[in-house]
file my_file_13.tsv (TSV, C-alpha atoms and all ligand atoms)
chain	number	residue	atom	x	y	z
A	179	MET	CA	53.25	245.43	23.03
A	180	ARG	CA	52.12	246.60	19.62
A	181	TYR	CA	54.20	245.82	16.54
A	182	ASN	CA	53.72	247.21	13.03
A	183	ILE	CA	54.40	244.70	10.30
A	184	CYS	CA	54.58	245.55	6.61
A	185	VAL	CA	53.32	242.53	4.67
A	186	MET	CA	54.27	241.96	1.03
A	187	PRO	CA	52.52	238.81	-0.20
A	188	GLY	CA	54.07	239.06	-3.70
A	189	ASP	CA	53.30	236.52	-6.41
A	190	GLY	CA	52.40	232.86	-6.98
A	191	ILE	CA	51.88	231.06	-3.68
A	192	GLY	CA	53.00	234.24	-1.82
A	193	PRO	CA	49.49	235.44	-0.86
A	194	GLU	CA	48.45	231.93	0.29
A	195	ILE	CA	51.42	231.28	2.57
A	196	VAL	CA	51.49	234.81	3.95
A	197	ALA	CA	47.80	234.57	4.90
A	198	GLU	CA	48.57	231.49	7.02
A	199	ALA	CA	51.53	233.19	8.71
A	200	MET	CA	49.34	236.21	9.56
A	201	LYS	CA	46.72	233.86	11.04
A	202	VAL	CA	49.40	232.29	13.24
A	203	LEU	CA	50.64	235.73	14.35
A	204	GLY	CA	47.08	236.70	15.32
A	205	THR	CA	46.74	233.65	17.56
A	206	VAL	CA	50.20	233.92	19.10
A	207	GLY	CA	49.45	237.59	19.78
A	208	GLU	CA	46.30	236.71	21.74
A	209	LYS	CA	48.18	234.09	23.70
A	210	PHE	CA	51.18	236.23	24.62
A	211	GLY	CA	49.50	239.67	24.89
A	212	LEU	CA	51.06	241.06	21.71
A	213	GLU	CA	49.25	243.22	19.19
A	214	PHE	CA	50.15	243.21	15.50
A	215	ALA	CA	49.10	245.90	13.03
A	216	PHE	CA	49.52	244.86	9.40
A	217	THR	CA	50.13	247.18	6.43
A	218	LYS	CA	50.01	245.52	3.02
A	219	ALA	CA	52.38	246.62	0.26
A	220	LEU	CA	53.02	245.63	-3.35
A	221	ILE	CA	56.21	244.01	-4.62
A	222	GLY	CA	57.33	241.92	-7.60
A	223	GLY	CA	54.91	240.95	-10.35
A	224	ALA	CA	51.89	242.17	-8.39
A	225	ALA	CA	53.51	245.61	-8.20
A	226	ILE	CA	54.44	245.55	-11.90
A	227	ASP	CA	50.81	244.82	-12.81
A	228	ALA	CA	49.50	247.60	-10.60
A	229	THR	CA	52.14	250.32	-11.02
A	230	GLY	CA	54.50	249.36	-13.85
A	231	GLY	CA	57.50	248.71	-11.57
A	232	PRO	CA	58.50	245.92	-9.13
A	233	LEU	CA	59.18	248.19	-6.15
A	234	PRO	CA	56.92	251.25	-5.84
A	235	GLU	CA	58.10	254.15	-3.66
A	236	ALA	CA	55.07	253.59	-1.42
A	237	THR	CA	56.32	250.07	-0.67
A	238	VAL	CA	59.77	251.30	0.37
A	239	ALA	CA	58.14	253.94	2.60
A	240	ALA	CA	55.75	251.39	4.17
A	241	CYS	CA	58.65	249.02	4.88
A	242	LYS	CA	60.76	251.76	6.45
A	243	ALA	CA	57.87	252.83	8.66
A	244	ALA	CA	57.31	249.28	9.97
A	245	ASP	CA	58.94	247.39	12.86
A	246	ALA	CA	59.46	244.35	10.61
A	247	VAL	CA	58.67	243.20	7.09
A	248	LEU	CA	57.13	239.89	5.98
A	249	LEU	CA	57.58	238.81	2.37
A	250	GLY	CA	55.96	235.88	0.56
A	251	ALA	CA	57.78	235.37	-2.74
A	252	VAL	CA	58.10	237.13	-6.08
A	253	GLY	CA	58.25	236.12	-9.72
A	254	GLY	CA	56.55	233.87	-12.20
A	255	PRO	CA	56.37	233.03	-15.90
A	256	ARG	CA	53.99	235.93	-16.58
A	257	TRP	CA	56.82	238.39	-16.03
A	258	ASP	CA	59.74	236.31	-17.36
A	259	THR	CA	59.82	238.05	-20.73
A	260	LEU	CA	60.07	241.57	-19.28
A	261	ASP	CA	63.23	243.68	-19.47
A	262	PRO	CA	65.55	242.42	-16.65
A	263	ALA	CA	65.62	245.95	-15.19
A	264	ILE	CA	61.93	245.76	-14.23
A	265	ARG	CA	61.59	242.04	-13.49
A	266	PRO	CA	59.94	240.99	-10.17
A	267	GLU	CA	63.29	239.86	-8.67
A	268	LYS	CA	64.54	243.45	-8.97
A	269	GLY	CA	61.96	244.34	-6.33
A	270	LEU	CA	63.57	241.92	-3.93
A	271	LEU	CA	67.11	243.18	-4.50
A	272	GLY	CA	65.81	246.75	-4.33
A	273	ILE	CA	64.09	246.41	-0.97
A	274	ARG	CA	67.12	244.64	0.55
A	275	LYS	CA	69.25	247.55	-0.59
A	276	ALA	CA	66.76	250.24	0.50
A	277	LEU	CA	66.62	248.75	3.99
A	278	GLY	CA	70.41	248.26	4.21
A	279	LEU	CA	70.03	244.58	5.04
A	280	PHE	CA	73.61	243.35	5.39
A	281	ALA	CA	73.03	240.15	7.36
A	282	ASN	CA	71.19	237.13	6.02
A	283	LEU	CA	70.25	234.48	8.59
A	284	ARG	CA	69.40	231.09	7.10
A	285	PRO	CA	68.65	228.29	9.51
A	286	ALA	CA	68.90	224.77	8.15
A	287	ARG	CA	67.04	222.61	10.60
A	288	LEU	CA	65.81	219.12	10.08
A	289	PHE	CA	62.66	218.24	11.96
A	290	PRO	CA	63.24	214.62	13.11
A	291	GLU	CA	59.82	213.75	11.63
A	292	LEU	CA	61.13	214.65	8.16
A	293	ALA	CA	64.40	212.72	8.41
A	294	ALA	CA	63.43	210.59	5.41
A	295	ALA	CA	63.65	213.67	3.13
A	296	CYS	CA	67.25	214.35	4.21
A	297	CYS	CA	69.86	213.30	1.71
A	298	LEU	CA	72.47	212.33	4.33
A	299	ARG	CA	72.95	208.87	5.85
A	300	PRO	CA	70.63	208.16	8.81
A	301	ASP	CA	73.58	207.75	11.22
A	302	ILE	CA	74.81	211.25	10.28
A	303	VAL	CA	71.38	212.88	10.53
A	304	GLY	CA	70.75	211.00	13.76
A	305	LYS	CA	73.26	213.27	15.48
A	306	GLY	CA	71.09	216.29	14.62
A	307	LEU	CA	70.95	218.96	11.94
A	308	ASP	CA	70.28	222.46	13.23
A	309	VAL	CA	72.69	224.99	11.72
A	310	MET	CA	72.29	228.74	11.32
A	311	VAL	CA	74.26	230.31	8.48
A	312	VAL	CA	74.85	234.05	8.94
A	313	ARG	CA	75.85	235.40	5.53
A	314	GLU	CA	77.17	238.88	4.82
A	315	LEU	CA	74.85	240.22	2.14
A	316	THR	CA	76.08	243.54	0.79
A	317	GLY	CA	79.85	243.22	0.34
A	318	GLY	CA	82.52	240.88	-1.00
A	319	ALA	CA	83.02	239.76	-4.59
A	320	TYR	CA	79.39	240.37	-5.63
A	321	PHE	CA	79.72	244.12	-5.13
A	322	GLY	CA	83.46	244.84	-5.00
A	323	GLU	CA	85.18	247.22	-7.41
A	324	PRO	CA	86.98	247.03	-9.77
A	325	ARG	CA	85.00	244.45	-11.70
A	326	GLY	CA	84.47	243.75	-15.36
A	327	ILE	CA	85.65	242.06	-18.53
A	328	GLU	CA	88.37	243.76	-20.56
A	329	GLU	CA	90.92	243.13	-23.26
A	330	ARG	CA	94.43	242.37	-21.97
A	331	GLY	CA	97.31	241.13	-24.10
A	332	GLY	CA	95.08	240.09	-26.97
A	333	GLU	CA	92.49	238.17	-24.97
A	334	LYS	CA	89.53	238.92	-22.76
A	335	VAL	CA	90.02	238.89	-18.97
A	336	GLY	CA	87.22	238.81	-16.43
A	337	PHE	CA	87.71	240.01	-12.85
A	338	ASN	CA	85.92	240.77	-9.60
A	339	THR	CA	87.22	242.05	-6.30
A	340	MET	CA	86.53	240.45	-2.94
A	341	VAL	CA	86.81	243.45	-0.68
A	342	TYR	CA	85.76	244.04	2.93
A	343	ALA	CA	86.30	247.05	5.15
A	344	GLU	CA	86.80	246.48	8.88
A	345	HIS	CA	83.41	247.99	9.76
A	346	GLU	CA	81.65	245.57	7.39
A	347	VAL	CA	83.31	242.57	9.03
A	348	ARG	CA	82.75	243.93	12.52
A	349	ARG	CA	78.99	244.41	12.08
A	350	ILE	CA	78.39	240.95	10.58
A	351	ALA	CA	80.63	239.34	13.20
A	352	LYS	CA	78.49	240.99	15.88
A	353	VAL	CA	75.34	239.52	14.32
A	354	GLY	CA	77.08	236.12	14.34
A	355	PHE	CA	78.00	236.36	18.02
A	356	GLU	CA	74.57	237.70	19.03
A	357	THR	CA	72.88	234.89	17.10
A	358	ALA	CA	75.10	232.27	18.74
A	359	ARG	CA	74.22	233.73	22.12
A	360	LYS	CA	70.51	233.18	21.39
A	361	ARG	CA	71.22	229.55	20.38
A	362	ARG	CA	73.78	227.06	21.66
A	363	GLY	CA	76.63	229.52	22.14
A	364	ARG	CA	79.01	228.33	19.41
A	365	LEU	CA	80.19	230.37	16.42
A	366	CYS	CA	82.30	229.10	13.52
A	367	SER	CA	83.78	231.83	11.33
A	368	VAL	CA	84.38	230.52	7.82
A	369	ASP	CA	87.06	232.09	5.63
A	370	LYS	CA	89.98	231.27	3.35
A	371	ALA	CA	92.69	232.92	5.43
A	372	ASN	CA	95.36	230.51	4.17
A	373	VAL	CA	95.09	232.06	0.69
A	374	LEU	CA	93.14	235.33	0.70
A	375	ASP	CA	94.31	238.61	2.24
A	376	VAL	CA	90.70	239.73	2.62
A	377	SER	CA	90.11	236.61	4.74
A	378	ARG	CA	93.12	237.40	6.92
A	379	LEU	CA	91.57	240.78	7.74
A	380	TRP	CA	88.19	239.05	8.26
A	381	ARG	CA	89.73	236.69	10.79
A	382	ALA	CA	91.60	239.44	12.64
A	383	VAL	CA	88.42	241.52	13.02
A	384	VAL	CA	86.34	238.52	14.13
A	385	LEU	CA	88.97	237.79	16.80
A	386	GLU	CA	88.78	241.41	17.97
A	387	VAL	CA	84.95	241.32	18.20
A	388	ALA	CA	85.19	238.01	20.08
A	389	LYS	CA	86.64	239.86	23.08
A	390	ASP	CA	83.13	241.28	23.72
A	391	TYR	CA	81.60	237.80	23.69
A	392	PRO	CA	83.58	235.64	26.12
A	393	ASP	CA	80.49	233.46	26.61
A	394	VAL	CA	80.48	232.41	22.92
A	395	GLU	CA	82.86	229.64	21.84
A	396	LEU	CA	84.57	230.79	18.62
A	397	SER	CA	86.24	228.57	16.02
A	398	HIS	CA	87.60	229.23	12.52
A	399	MET	CA	87.35	226.99	9.48
A	400	TYR	CA	88.49	227.26	5.87
A	401	VAL	CA	85.56	227.32	3.46
A	402	ASP	CA	86.57	224.16	1.56
A	403	ASN	CA	86.68	222.24	4.82
A	404	ALA	CA	83.36	223.78	5.96
A	405	ALA	CA	81.67	222.56	2.76
A	406	MET	CA	82.93	219.04	3.52
A	407	GLN	CA	82.12	219.12	7.22
A	408	LEU	CA	78.53	220.21	6.50
A	409	VAL	CA	77.84	216.91	4.77
A	410	ARG	CA	80.20	214.78	6.89
A	411	ASP	CA	78.96	215.90	10.31
A	412	PRO	CA	76.63	218.92	10.39
A	413	SER	CA	75.94	218.35	14.10
A	414	GLN	CA	79.29	220.01	14.92
A	415	PHE	CA	77.91	223.42	13.85
A	416	ASP	CA	75.70	225.82	15.74
A	417	VAL	CA	76.16	229.19	13.96
A	418	ILE	CA	78.36	229.77	10.92
A	419	VAL	CA	79.30	233.36	10.03
A	420	THR	CA	80.84	234.02	6.65
A	421	GLU	CA	81.23	236.47	3.79
A	422	ASN	CA	78.81	236.89	0.89
A	423	LEU	CA	80.08	234.42	-1.75
A	424	PHE	CA	81.00	231.65	0.71
A	425	GLY	CA	77.68	232.20	2.51
A	426	ASP	CA	75.69	232.00	-0.71
A	427	ILE	CA	77.10	228.55	-1.41
A	428	LEU	CA	77.16	227.19	2.15
A	429	SER	CA	73.62	228.33	3.01
A	430	ASP	CA	72.26	226.59	-0.09
A	431	GLU	CA	74.28	223.47	0.73
A	432	ALA	CA	72.94	223.45	4.29
A	433	ALA	CA	69.38	223.97	3.01
A	434	VAL	CA	69.44	221.24	0.39
A	435	ILE	CA	70.69	218.72	2.95
A	436	THR	CA	67.41	219.04	4.86
A	437	GLY	CA	65.55	218.03	1.71
A	438	SER	CA	62.54	220.28	2.39
A	439	ILE	CA	62.56	223.65	0.67
A	440	GLY	CA	59.03	224.39	1.90
A	441	MET	CA	60.22	224.23	5.51
A	442	LEU	CA	63.05	226.79	5.58
A	443	PRO	CA	62.67	230.39	6.79
A	444	SER	CA	65.13	233.27	6.58
A	445	ALA	CA	65.79	236.70	8.03
A	446	SER	CA	67.69	239.66	6.60
A	447	LEU	CA	68.80	242.25	9.10
A	448	GLY	CA	70.30	245.73	8.91
A	449	ALA	CA	71.62	248.22	11.43
A	450	ALA	CA	68.66	250.53	11.93
A	451	ASN	CA	65.86	249.64	9.52
A	452	PRO	CA	63.35	246.84	10.12
A	453	GLY	CA	64.38	243.24	9.41
A	454	LEU	CA	62.86	241.37	6.48
A	455	TYR	CA	61.57	237.83	6.94
A	456	GLU	CA	60.75	235.42	4.12
A	457	PRO	CA	60.77	231.74	3.20
A	458	ILE	CA	63.83	230.70	1.18
A	459	HIS	CA	61.71	229.16	-1.59
A	460	GLY	CA	60.28	231.00	-4.58
A	461	SER	CA	56.74	231.68	-5.76
A	462	ALA	CA	56.14	228.08	-6.93
A	463	PRO	CA	53.94	229.06	-9.91
A	464	ASP	CA	53.30	225.35	-10.63
A	465	ILE	CA	51.10	225.03	-7.54
A	466	ALA	CA	49.91	228.63	-7.07
A	467	GLY	CA	46.23	229.17	-6.31
A	468	GLN	CA	45.61	225.47	-5.65
A	469	ASP	CA	45.87	225.41	-1.84
A	470	LYS	CA	48.82	223.03	-2.14
A	471	ALA	CA	51.69	225.18	-0.84
A	472	ASN	CA	53.48	224.39	2.38
A	473	PRO	CA	53.07	227.47	4.62
A	474	LEU	CA	55.52	226.26	7.31
A	475	ALA	CA	58.59	228.11	5.97
A	476	THR	CA	56.63	231.37	6.14
A	477	ILE	CA	55.18	230.52	9.55
A	478	LEU	CA	58.70	229.75	10.80
A	479	SER	CA	59.81	233.08	9.26
A	480	VAL	CA	57.42	234.96	11.55
A	481	ALA	CA	58.83	232.94	14.45
A	482	MET	CA	62.25	234.33	13.46
A	483	MET	CA	60.71	237.82	13.32
A	484	LEU	CA	59.40	237.45	16.86
A	485	LYS	CA	62.82	236.29	18.07
A	486	HIS	CA	65.17	238.59	16.18
A	487	SER	CA	63.19	241.82	15.66
A	488	PHE	CA	60.85	241.84	18.66
A	489	GLY	CA	62.78	239.87	21.29
A	490	GLU	CA	59.68	237.73	21.90
A	491	ALA	CA	61.52	234.42	22.23
A	492	LYS	CA	58.73	232.62	24.08
A	493	ALA	CA	56.17	233.39	21.38
A	494	ALA	CA	58.71	232.28	18.73
A	495	ASP	CA	59.37	229.01	20.57
A	496	ALA	CA	55.61	228.40	20.81
A	497	ILE	CA	55.26	228.67	17.02
A	498	GLU	CA	58.19	226.33	16.40
A	499	ALA	CA	56.79	223.83	18.91
A	500	ALA	CA	53.34	223.98	17.27
A	501	CYS	CA	54.88	223.28	13.84
A	502	ALA	CA	56.84	220.34	15.25
A	503	LYS	CA	53.69	218.98	16.90
A	504	VAL	CA	51.66	219.11	13.69
A	505	LEU	CA	54.44	217.20	11.91
A	506	SER	CA	54.75	214.64	14.70
A	507	GLU	CA	51.00	214.02	14.42
A	508	GLY	CA	51.58	213.03	10.79
A	509	TYR	CA	50.14	216.00	8.86
A	510	ARG	CA	51.94	216.84	5.63
A	511	THR	CA	51.55	219.13	2.63
A	512	GLY	CA	52.29	217.59	-0.78
A	513	ASP	CA	55.96	218.61	-0.89
A	514	ILE	CA	56.81	216.66	2.29
A	515	MET	CA	54.24	213.88	1.91
A	516	GLU	CA	55.26	210.29	2.76
A	517	PRO	CA	53.26	207.05	2.71
A	518	GLY	CA	51.07	206.60	5.79
A	519	LYS	CA	50.83	210.33	6.55
A	520	THR	CA	47.81	212.65	6.25
A	521	LEU	CA	47.84	214.99	3.25
A	522	VAL	CA	46.56	218.51	3.97
A	523	GLY	CA	46.40	221.76	2.01
A	524	CYS	CA	47.94	225.14	2.78
A	525	LYS	CA	44.96	226.51	4.72
A	526	ALA	CA	44.47	223.32	6.72
A	527	MET	CA	48.18	223.27	7.64
A	528	GLY	CA	47.88	226.86	8.90
A	529	ASP	CA	44.74	225.94	10.89
A	530	LEU	CA	46.52	222.95	12.45
A	531	VAL	CA	49.42	225.13	13.63
A	532	VAL	CA	46.96	227.69	15.02
A	533	ALA	CA	45.06	224.94	16.86
A	534	ARG	CA	48.29	223.55	18.40
A	535	LEU	CA	49.15	227.02	19.71
A	536	GLY	CA	45.98	227.19	21.75
A	601	LIG	P1	60.51	227.68	-6.35
A	601	LIG	O1	61.16	227.67	-5.00
A	601	LIG	O2	59.41	228.63	-6.53
A	601	LIG	O3	59.97	226.21	-6.67
A	601	LIG	C1	60.81	225.06	-6.79
A	601	LIG	C2	59.97	223.80	-6.55
A	601	LIG	O4	59.66	223.71	-5.15
A	601	LIG	C3	58.62	223.82	-7.28
A	601	LIG	O5	58.30	222.52	-7.68
A	601	LIG	C4	57.63	224.27	-6.24
A	601	LIG	O6	56.33	223.79	-6.43
A	601	LIG	C5	58.24	223.71	-4.96
A	601	LIG	N1	57.95	224.57	-3.81
A	601	LIG	C6	58.56	225.75	-3.50
A	601	LIG	N2	58.02	226.26	-2.38
A	601	LIG	C7	57.06	225.40	-1.98
A	601	LIG	C8	56.15	225.39	-0.90
A	601	LIG	N3	56.11	226.36	0.01
A	601	LIG	N4	55.29	224.36	-0.80
A	601	LIG	C9	55.31	223.35	-1.70
A	601	LIG	N5	56.16	223.30	-2.74
A	601	LIG	C10	57.01	224.31	-2.88
A	601	LIG	O7	61.68	227.94	-7.39
A	601	LIG	P2	61.58	228.13	-9.00
A	601	LIG	O8	60.55	227.23	-9.55
A	601	LIG	O9	62.96	228.05	-9.44
A	601	LIG	O10	61.12	229.65	-9.18
A	601	LIG	C11	59.76	230.05	-9.40
A	601	LIG	C12	59.71	231.57	-9.39
A	601	LIG	O11	60.07	232.05	-8.09
A	601	LIG	C13	60.67	232.23	-10.37
A	601	LIG	O12	60.03	233.34	-10.95
A	601	LIG	C14	61.83	232.68	-9.50
A	601	LIG	O13	62.51	233.78	-10.02
A	601	LIG	C15	61.12	233.02	-8.21
A	601	LIG	N6	61.95	232.97	-7.00
A	601	LIG	C16	61.68	233.88	-6.05
A	601	LIG	C17	62.36	233.84	-4.84
A	601	LIG	C18	61.98	234.83	-3.80
A	601	LIG	O14	60.96	235.49	-3.92
A	601	LIG	N7	62.74	234.96	-2.74
A	601	LIG	C19	63.32	232.85	-4.62
A	601	LIG	C20	63.56	231.90	-5.60
A	601	LIG	C21	62.86	231.95	-6.80
call {"tool": "encode", "arguments": {"input": "my_file_13.tsv", "output": "structure tokens", "more": "lines below"}}
Ligand code: NAD
result
Amino acid sequence: MRYNICVMPGDGIGPEIVAEAMKVLGTVGEKFGLEFAFTKALIGGAAIDATGGPLPEATVAACKAADAVLLGAVGGPRWDTLDPAIRPEKGLLGIRKALGLFANLRPARLFPELAAACCLRPDIVGKGLDVMVVRELTGGAYFGEPRGIEERGGEKVGFNTMVYAEHEVRRIAKVGFETARKRRGRLCSVDKANVLDVSRLWRAVVLEVAKDYPDVELSHMYVDNAAMQLVRDPSQFDVIVTENLFGDILSDEAAVITGSIGMLPSASLGAANPGLYEPIHGSAPDIAGQDKANPLATILSVAMMLKHSFGEAKAADAIEAACAKVLSEGYRTGDIMEPGKTLVGCKAMGDLVVARLG
């Protein structure tokens, strides 16, 4: 099989970590008989420097023509003083919109070897931490109308609207069920149906979609309880599906619990266009160009690409296993370094993963 991947290294450590992920894809391709063709495109600060804007038309076209998109990270102090309308982050929001990416998949998984970095008690972590948060990305309070700040009765009033149409709930619920099917078969839909009308509709639609997935065990939880349960006993969750605002908060909570920002991948999926895969961390300008970045989040992002966009689960599992092996052998980049372990740079970490794939 031949897959076309549009690669956007971006800024800061982006080019370094993306190079390692491409190396890993090359090796996994040889091993599993897959061919990858890479097209590079500009985004963020790199695109501003070259073209004056953070998301050139050519980049959107290259992404749309690809089977999947790999992004490093965007942004950095060099561009912080620019007009917000042409800042690097606008490129990121723009490409998500152009590709219609409505589902954001954020796994929070703790490799047992990195348990010391986790901020939960050892007896809680001991039960396992491997949660996938499926967040709706294009609706809800962040985009709903009416919104604004206006004068009412002699004072200012601010308001937003949390609004979801049935089709928006249905399509994200489907992603939730499909994702659960590829994992341990359990889906928890998080809402606030005891208070919010929009959540009552959410729950009704999720229940309707559930009829097509009798093999997936569905539960419902109010968002305040879900926030508590994530720190009290995260092992009870397999996949969480939730709306945009709740998902923003819960996916960050789940991520921070693992304690290792350099380890966490993500996927953003749409209906027809290619999915976009990227680490959850930023461009880390403080360590850029020094071969210090942890490439594992990006390498694990291409594992997600293989699983979710290409259906190549075995190749994805091989990458995850190789990453786990390198960690179990005691190799660490600076961000996850502990006493008694072996410190390696970005390139060496990529080489180690490649070698363990062989
Ligand atoms: P950051 O994630 O870039 O860095 C936070 C801290 O984590 C830094 O100390 C950094 O060195 C460290 N870190 C992050 N990734 C690492 C890795 N792979 N290996 C080792 N250490 C790593 O967040 P920030 O400092 O708040 O933002 C820096 C820039 O990145 C800003 O311009 C911001 O707007 C941008 N940003 C981009 C994205 C994105 O592209 N998706 C996301 C967040 C922030």
call {"tool": "closest_residue", "arguments": {"input": "my_file_13.tsv", "among": "A:Ala388, A:Val311, A:Leu249, A:Ala281", "to": "ligand LIG 601 (chain A)", "atoms": "all atoms listed in the file"}}
result
A:Leu249
call {"tool": "residues_around", "arguments": {"input": "my_file_13.tsv", "residues": "Asp308 of chain A", "least_positions_apart": "2", "cutoff": "7 Å", "atoms": "all atoms listed in the file", "output": "number ranges by chain"}}
result
A: 286-288, 306, 310, 416
call {"tool": "closest_atom_pairs", "arguments": {"input": "my_file_13.tsv", "of": "segment 203-233 of chain A", "to": "segment 461-479 of chain A", "cutoff": "12 Å", "atoms": "all atoms listed in the file", "output": "CSV"}}
result
residue,atom,partner,partner_atom,distance
A:Leu203,CA,A:Ile477,CA,8.4
A:Gly204,CA,A:Ile477,CA,11.7
A:Val206,CA,A:Ile477,CA,11.3
A:Gly222,CA,A:Ser461,CA,10.4
A:Gly223,CA,A:Ser461,CA,10.5
A:Ala224,CA,A:Ser461,CA,11.9
call {"tool": "residues_near_ligand", "arguments": {"input": "my_file_13.tsv", "ligand": "ligand LIG 601 (chain A)", "cutoff": "10 Å", "atoms": "all atoms listed in the file", "output": "PyMOL selection string"}}
result
chain A and resi 187-192+194-195+221-223+249-258+265-271+438-442+444+456-466+469-476+511-514+523-524
call {"tool": "write_last_selection", "arguments": {"input": "my_file_13.tsv", "atoms": "C-alpha atoms", "output": "PDB file, in the frame of the given file"}}
result
ATOM      1  CA  PRO A 187      52.520 238.810  -0.200  1.00  0.00           C
ATOM      2  CA  GLY A 188      54.070 239.060  -3.700  1.00  0.00           C
ATOM      3  CA  ASP A 189      53.300 236.520  -6.410  1.00  0.00           C
ATOM      4  CA  GLY A 190      52.400 232.860  -6.980  1.00  0.00           C
ATOM      5  CA  ILE A 191      51.880 231.060  -3.680  1.00  0.00           C
ATOM      6  CA  GLY A 192      53.000 234.240  -1.820  1.00  0.00           C
ATOM      7  CA  GLU A 194      48.450 231.930   0.290  1.00  0.00           C
ATOM      8  CA  ILE A 195      51.420 231.280   2.570  1.00  0.00           C
ATOM      9  CA  ILE A 221      56.210 244.010  -4.620  1.00  0.00           C
ATOM     10  CA  GLY A 222      57.330 241.920  -7.600  1.00  0.00           C
ATOM     11  CA  GLY A 223      54.910 240.950 -10.350  1.00  0.00           C
ATOM     12  CA  LEU A 249      57.580 238.810   2.370  1.00  0.00           C
ATOM     13  CA  GLY A 250      55.960 235.880   0.560  1.00  0.00           C
ATOM     14  CA  ALA A 251      57.780 235.370  -2.740  1.00  0.00           C
ATOM     15  CA  VAL A 252      58.100 237.130  -6.080  1.00  0.00           C
ATOM     16  CA  GLY A 253      58.250 236.120  -9.720  1.00  0.00           C
ATOM     17  CA  GLY A 254      56.550 233.870 -12.200  1.00  0.00           C
ATOM     18  CA  PRO A 255      56.370 233.030 -15.900  1.00  0.00           C
ATOM     19  CA  ARG A 256      53.990 235.930 -16.580  1.00  0.00           C
ATOM     20  CA  TRP A 257      56.820 238.390 -16.030  1.00  0.00           C
ATOM     21  CA  ASP A 258      59.740 236.310 -17.360  1.00  0.00           C
ATOM     22  CA  ARG A 265      61.590 242.040 -13.490  1.00  0.00           C
ATOM     23  CA  PRO A 266      59.940 240.990 -10.170  1.00  0.00           C
ATOM     24  CA  GLU A 267      63.290 239.860  -8.670  1.00  0.00           C
ATOM     25  CA  LYS A 268      64.540 243.450  -8.970  1.00  0.00           C
ATOM     26  CA  GLY A 269      61.960 244.340  -6.330  1.00  0.00           C
ATOM     27  CA  LEU A 270      63.570 241.920  -3.930  1.00  0.00           C
ATOM     28  CA  LEU A 271      67.110 243.180  -4.500  1.00  0.00           C
ATOM     29  CA  SER A 438      62.540 220.280   2.390  1.00  0.00           C
ATOM     30  CA  ILE A 439      62.560 223.650   0.670  1.00  0.00           C
ATOM     31  CA  GLY A 440      59.030 224.390   1.900  1.00  0.00           C
ATOM     32  CA  MET A 441      60.220 224.230   5.510  1.00  0.00           C
ATOM     33  CA  LEU A 442      63.050 226.790   5.580  1.00  0.00           C
ATOM     34  CA  SER A 444      65.130 233.270   6.580  1.00  0.00           C
ATOM     35  CA  GLU A 456      60.750 235.420   4.120  1.00  0.00           C
ATOM     36  CA  PRO A 457      60.770 231.740   3.200  1.00  0.00           C
ATOM     37  CA  ILE A 458      63.830 230.700   1.180  1.00  0.00           C
ATOM     38  CA  HIS A 459      61.710 229.160  -1.590  1.00  0.00           C
ATOM     39  CA  GLY A 460      60.280 231.000  -4.580  1.00  0.00           C
ATOM     40  CA  SER A 461      56.740 231.680  -5.760  1.00  0.00           C
ATOM     41  CA  ALA A 462      56.140 228.080  -6.930  1.00  0.00           C
ATOM     42  CA  PRO A 463      53.940 229.060  -9.910  1.00  0.00           C
ATOM     43  CA  ASP A 464      53.300 225.350 -10.630  1.00  0.00           C
ATOM     44  CA  ILE A 465      51.100 225.030  -7.540  1.00  0.00           C
ATOM     45  CA  ALA A 466      49.910 228.630  -7.070  1.00  0.00           C
ATOM     46  CA  ASP A 469      45.870 225.410  -1.840  1.00  0.00           C
ATOM     47  CA  LYS A 470      48.820 223.030  -2.140  1.00  0.00           C
ATOM     48  CA  ALA A 471      51.690 225.180  -0.840  1.00  0.00           C
ATOM     49  CA  ASN A 472      53.480 224.390   2.380  1.00  0.00           C
ATOM     50  CA  PRO A 473      53.070 227.470   4.620  1.00  0.00           C
ATOM     51  CA  LEU A 474      55.520 226.260   7.310  1.00  0.00           C
ATOM     52  CA  ALA A 475      58.590 228.110   5.970  1.00  0.00           C
ATOM     53  CA  THR A 476      56.630 231.370   6.140  1.00  0.00           C
ATOM     54  CA  THR A 511      51.550 219.130   2.630  1.00  0.00           C
ATOM     55  CA  GLY A 512      52.290 217.590  -0.780  1.00  0.00           C
ATOM     56  CA  ASP A 513      55.960 218.610  -0.890  1.00  0.00           C
ATOM     57  CA  ILE A 514      56.810 216.660   2.290  1.00  0.00           C
ATOM     58  CA  GLY A 523      46.400 221.760   2.010  1.00  0.00           C
ATOM     59  CA  CYS A 524      47.940 225.140   2.780  1.00  0.00           C
TER      60      CYS A 524
END
call {"tool": "axis_aligned_box", "arguments": {"input": "my_file_13.tsv", "around": "segment 193-201 of chain A", "padding_each_side": "6 Å", "output": "JSON"}}
result
{"center_x": 49.1, "center_y": 233.7, "center_z": 5.1, "size_x": 16.8, "size_y": 16.9, "size_z": 23.9}
call {"tool": "closest_residue", "arguments": {"input": "my_file_13.tsv", "among": "A:Pro232, A:Val480, A:Ala240, A:Glu328", "to": "Lys218 of chain A", "atoms": "only C-alpha atoms"}}
result
A:Ala240
call {"tool": "atom_distance", "arguments": {"input": "my_file_13.tsv", "atom1": "atom CA of Lys370 of chain A", "atom2": "atom CA of Arg330 of chain A"}}
result
28.0 Å
call {"tool": "closest_residue", "arguments": {"input": "my_file_13.tsv", "among": "A:Leu521, A:Ala500, A:Met399, A:Ala533", "to": "Asn372 of chain A", "atoms": "all atoms listed in the file"}}
result
A:Met399
call {"tool": "atom_distance", "arguments": {"input": "my_file_13.tsv", "atom1": "atom CA of Arg381 of chain A", "atom2": "atom CA of Phe280 of chain A"}}
result
18.3 Å
